[in-house]
$ cat work.cif   # mmCIF, C-alpha atoms
data_start
#
loop_
_atom_site.label_atom_id
_atom_site.label_comp_id
_atom_site.auth_asym_id
_atom_site.auth_seq_id
_atom_site.Cartn_x
_atom_site.Cartn_y
_atom_site.Cartn_z
CA ILE V 110 -55.09 87.48 -201.49
CA THR V 111 -52.85 86.60 -204.41
CA LEU V 112 -53.88 84.00 -206.95
CA THR V 113 -52.02 82.58 -209.93
CA ALA V 114 -53.79 81.41 -213.07
CA THR V 115 -51.70 78.90 -215.00
CA GLU V 116 -53.93 78.28 -218.01
CA GLY V 117 -57.25 79.04 -219.65
CA GLY V 118 -59.95 81.59 -218.98
CA LEU V 119 -60.39 83.41 -215.69
CA GLY V 120 -64.18 83.62 -215.48
CA PHE V 121 -64.67 87.05 -213.98
CA GLY V 122 -65.52 90.54 -215.18
CA VAL V 123 -64.38 93.90 -213.83
CA SER V 124 -66.16 97.17 -213.11
CA CYS V 125 -63.90 99.17 -215.45
CA PHE V 126 -60.62 99.04 -217.33
CA PRO V 127 -57.52 100.96 -216.29
CA PRO V 128 -56.39 103.58 -215.95
CA ALA V 129 -58.68 103.84 -212.92
CA GLU V 130 -58.37 104.56 -209.20
CA GLN V 131 -60.12 101.33 -208.26
CA ILE V 132 -61.09 98.21 -210.18
CA PHE V 133 -63.61 95.80 -208.69
CA VAL V 134 -64.77 92.30 -209.60
CA LYS V 135 -68.19 92.87 -211.13
CA LYS V 136 -69.23 89.27 -211.86
CA VAL V 137 -67.91 85.76 -211.33
CA ASP V 138 -68.97 82.93 -213.63
CA ALA V 139 -70.20 79.84 -211.79
CA GLY V 140 -67.74 76.95 -212.00
CA SER V 141 -64.97 79.15 -213.41
CA TRP V 142 -61.36 79.43 -212.27
CA ALA V 143 -62.31 82.59 -210.34
CA ALA V 144 -65.23 80.89 -208.56
CA GLN V 145 -63.13 77.84 -207.71
CA HIS V 146 -60.54 80.11 -206.08
CA GLY V 147 -63.09 81.96 -203.94
CA LEU V 148 -63.28 85.20 -205.91
CA ARG V 149 -66.50 87.12 -205.27
CA GLU V 150 -68.23 90.20 -206.59
CA GLY V 151 -66.92 93.30 -204.85
CA PHE V 152 -63.31 92.11 -204.43
CA GLN V 153 -60.92 94.88 -205.44
CA LEU V 154 -58.25 94.02 -208.02
CA LEU V 155 -55.03 95.52 -206.69
CA LYS V 156 -52.20 94.09 -208.78
CA VAL V 157 -51.66 92.33 -212.10
CA GLN V 158 -48.26 90.64 -212.49
CA GLY V 159 -47.03 92.68 -209.50
CA LYS V 160 -48.01 96.03 -211.04
CA ASP V 161 -50.70 98.37 -209.74
CA ALA V 162 -53.80 97.30 -211.70
CA GLY V 163 -55.20 100.82 -211.93
CA SER V 164 -52.05 102.25 -213.49
CA LEU V 165 -51.82 99.79 -216.39
CA SER V 166 -52.76 100.88 -219.88
CA PRO V 167 -55.97 99.34 -221.27
CA GLU V 168 -53.82 97.35 -223.74
CA GLU V 169 -51.49 95.97 -221.03
CA PHE V 170 -54.48 95.01 -218.89
CA ARG V 171 -56.35 93.23 -221.69
CA SER V 172 -53.22 91.41 -222.85
CA ALA V 173 -52.42 90.18 -219.34
CA MET V 174 -55.96 89.04 -218.61
CA LYS V 175 -56.43 87.25 -221.94
CA SER V 176 -53.11 85.62 -222.64
CA GLN V 177 -50.38 85.98 -220.01
CA ARG V 178 -50.01 82.69 -218.14
CA PRO V 179 -48.98 82.22 -215.45
CA LEU V 180 -50.87 85.33 -214.37
CA GLU V 181 -50.52 86.63 -210.84
CA LEU V 182 -53.48 88.65 -209.55
CA SER V 183 -53.80 90.30 -206.12
CA PHE V 184 -57.18 91.17 -204.63
CA LEU V 185 -58.54 92.91 -201.56
CA PRO V 186 -61.46 90.71 -200.45
CA VAL V 187 -64.86 92.19 -199.70
CA PRO V 188 -65.89 91.90 -196.03
CA GLU V 189 -68.35 89.04 -195.40
CA SER V 190 -70.22 91.11 -192.83
CA PRO V 191 -70.37 94.85 -192.13
CA LYS V 192 -68.45 94.26 -188.88
CA GLU V 193 -65.43 92.70 -190.64
CA SER V 194 -62.84 95.02 -192.10
CA SER V 195 -61.21 94.27 -195.45
CA GLN V 196 -57.92 93.72 -193.60
CA GLU V 197 -59.53 91.05 -191.38
CA VAL V 198 -60.98 89.31 -194.45
CA ALA V 199 -57.59 89.40 -196.21
CA GLU V 200 -55.84 87.95 -193.15
CA LYS V 201 -58.45 85.18 -192.83
CA ALA V 202 -58.17 84.33 -196.55
CA ALA V 203 -54.38 84.15 -196.31
CA GLN V 204 -54.59 81.77 -193.34
CA ASP V 205 -57.31 79.52 -194.72
CA PRO V 206 -57.26 79.32 -198.54
CA PRO V 207 -60.04 77.31 -200.17
CA PRO V 208 -59.06 73.67 -200.85
CA GLU V 209 -59.26 74.27 -204.59
CA ALA V 210 -56.49 76.90 -204.33
CA GLN V 211 -54.01 74.33 -203.09
CA GLY V 212 -53.57 72.49 -206.37
CA PRO V 213 -53.70 72.96 -210.13
CA VAL V 214 -57.06 73.76 -211.62
CA SER V 215 -58.35 72.25 -214.84
CA THR V 216 -60.05 74.70 -217.15
CA GLU V 217 -61.39 72.00 -219.47
CA LYS V 218 -65.10 72.03 -220.05
CA PRO V 219 -67.02 68.83 -219.41
CA ALA V 220 -67.70 66.83 -222.57
CA ALA V 221 -71.01 67.62 -224.20
CA LYS V 222 -73.63 64.90 -223.93
CA GLU V 223 -74.70 63.18 -227.09
CA PRO V 224 -78.26 64.07 -228.01
CA THR V 225 -80.63 61.23 -227.29
CA GLU V 226 -83.05 60.12 -229.95
CA THR V 227 -86.69 60.57 -229.13
CA LYS V 228 -89.58 58.78 -230.79
CA GLU V 229 -90.25 61.99 -232.72
CA THR V 230 -86.67 62.12 -234.00
CA LYS V 231 -86.74 58.47 -235.07
CA GLU V 232 -89.87 58.99 -237.09
CA THR V 233 -88.42 61.98 -238.97
CA ASN V 234 -85.13 60.16 -239.65
CA GLU V 235 -86.67 57.03 -241.15
#

$ encode --input "work.cif" --output "structure tokens"
Amino acid sequence: ITLTATEGGLGFGVSCFPPAEQIFVKKVDAGSWAAQHGLREGFQLLKVQGKDAGSLSPEEFRSAMKSQRPLELSFLPVPESPKESSQEVAEKAAQDPPPEAQGPVSTEKPAAKEPTETKETKETNE
């Protein structure tokens, strides 16, 4: 599957930095761009901006992941069950993308709630 990040943080970590034979998604932050686009632990990162992810220099990789937007990333999905091959999972993902992948994604964090005053707080503030 190929995903394009247009702004903000990505919300996933990788197993290692290139140069490497294979790079896998190690963790996905809940509620992040990666989670909203169906990325899961175990997906293999194949390409970054159309280039083989494993052949990039560590500097190119970090620069792309942190600041290049739009950023095109290609992944090989992890099979959902031992019976499914990675190819079958990739074909299914291409046919049925998650609804969130069909439109722009906001990377803004929800506004922080104002602290509420408790009786204890009132007493110490008076």

$ residues_around --input "work.cif" --residues "Lys156 of chain V" --least-positions-apart "6" --cutoff "10 Å" --atoms "only C-alpha atoms" --output "list of chain:residue names"
V:Thr111, V:Ile132, V:Ala162, V:Gly163, V:Ser164, V:Leu165, V:Glu181, V:Leu182, V:Ser183, V:Phe184, V:Leu185

$ atom_distance --input "work.cif" --atom1 "atom CA of Val187 of chain V" --atom2 "atom CA of Ser141 of chain V"
18.9 Å

$ resolve_selection --input "work.cif" --expression "the PyMOL selection byres ((chain V and resi 167) around 8)" --output "PyMOL selection string"
chain V and resi 126-128+165-166+168-171

$ resolve_selection --input "work.cif" --expression "the PyMOL selection byres ((chain V and resi 114) around 7)" --output "PyMOL selection string"
chain V and resi 112-113+115-116+178-181

$ resolve_selection --input "work.cif" --expression "the PyMOL selection byres ((chain V and resi 120) around 12)" --output "PyMOL selection string"
chain V and resi 114+116-119+121-123+134-150+174-175+216

$ write_last_selection --input "work.cif" --atoms "C-alpha atoms" --output "JSON list (two decimals), in the frame of the given file"
[["chain", "number", "residue", "atom", "x", "y", "z"],
["V", 114, "ALA", "CA", -53.79, 81.41, -213.07],
["V", 116, "GLU", "CA", -53.93, 78.28, -218.01],
["V", 117, "GLY", "CA", -57.25, 79.04, -219.65],
["V", 118, "GLY", "CA", -59.95, 81.59, -218.98],
["V", 119, "LEU", "CA", -60.39, 83.41, -215.69],
["V", 121, "PHE", "CA", -64.67, 87.05, -213.98],
["V", 122, "GLY", "CA", -65.52, 90.54, -215.18],
["V", 123, "VAL", "CA", -64.38, 93.90, -213.83],
["V", 134, "VAL", "CA", -64.77, 92.30, -209.60],
["V", 135, "LYS", "CA", -68.19, 92.87, -211.13],
["V", 136, "LYS", "CA", -69.23, 89.27, -211.86],
["V", 137, "VAL", "CA", -67.91, 85.76, -211.33],
["V", 138, "ASP", "CA", -68.97, 82.93, -213.63],
["V", 139, "ALA", "CA", -70.20, 79.84, -211.79],
["V", 140, "GLY", "CA", -67.74, 76.95, -212.00],
["V", 141, "SER", "CA", -64.97, 79.15, -213.41],
["V", 142, "TRP", "CA", -61.36, 79.43, -212.27],
["V", 143, "ALA", "CA", -62.31, 82.59, -210.34],
["V", 144, "ALA", "CA", -65.23, 80.89, -208.56],
["V", 145, "GLN", "CA", -63.13, 77.84, -207.71],
["V", 146, "HIS", "CA", -60.54, 80.11, -206.08],
["V", 147, "GLY", "CA", -63.09, 81.96, -203.94],
["V", 148, "LEU", "CA", -63.28, 85.20, -205.91],
["V", 149, "ARG", "CA", -66.50, 87.12, -205.27],
["V", 150, "GLU", "CA", -68.23, 90.20, -206.59],
["V", 174, "MET", "CA", -55.96, 89.04, -218.61],
["V", 175, "LYS", "CA", -56.43, 87.25, -221.94],
["V", 216, "THR", "CA", -60.05, 74.70, -217.15]]

$ atom_distance --input "work.cif" --atom1 "atom CA of Glu189 of chain V" --atom2 "atom CA of Ser124 of chain V"
19.6 Å

$ atom_distance --input "work.cif" --atom1 "atom CA of Phe152 of chain V" --atom2 "atom CA of Ser176 of chain V"
21.9 Å
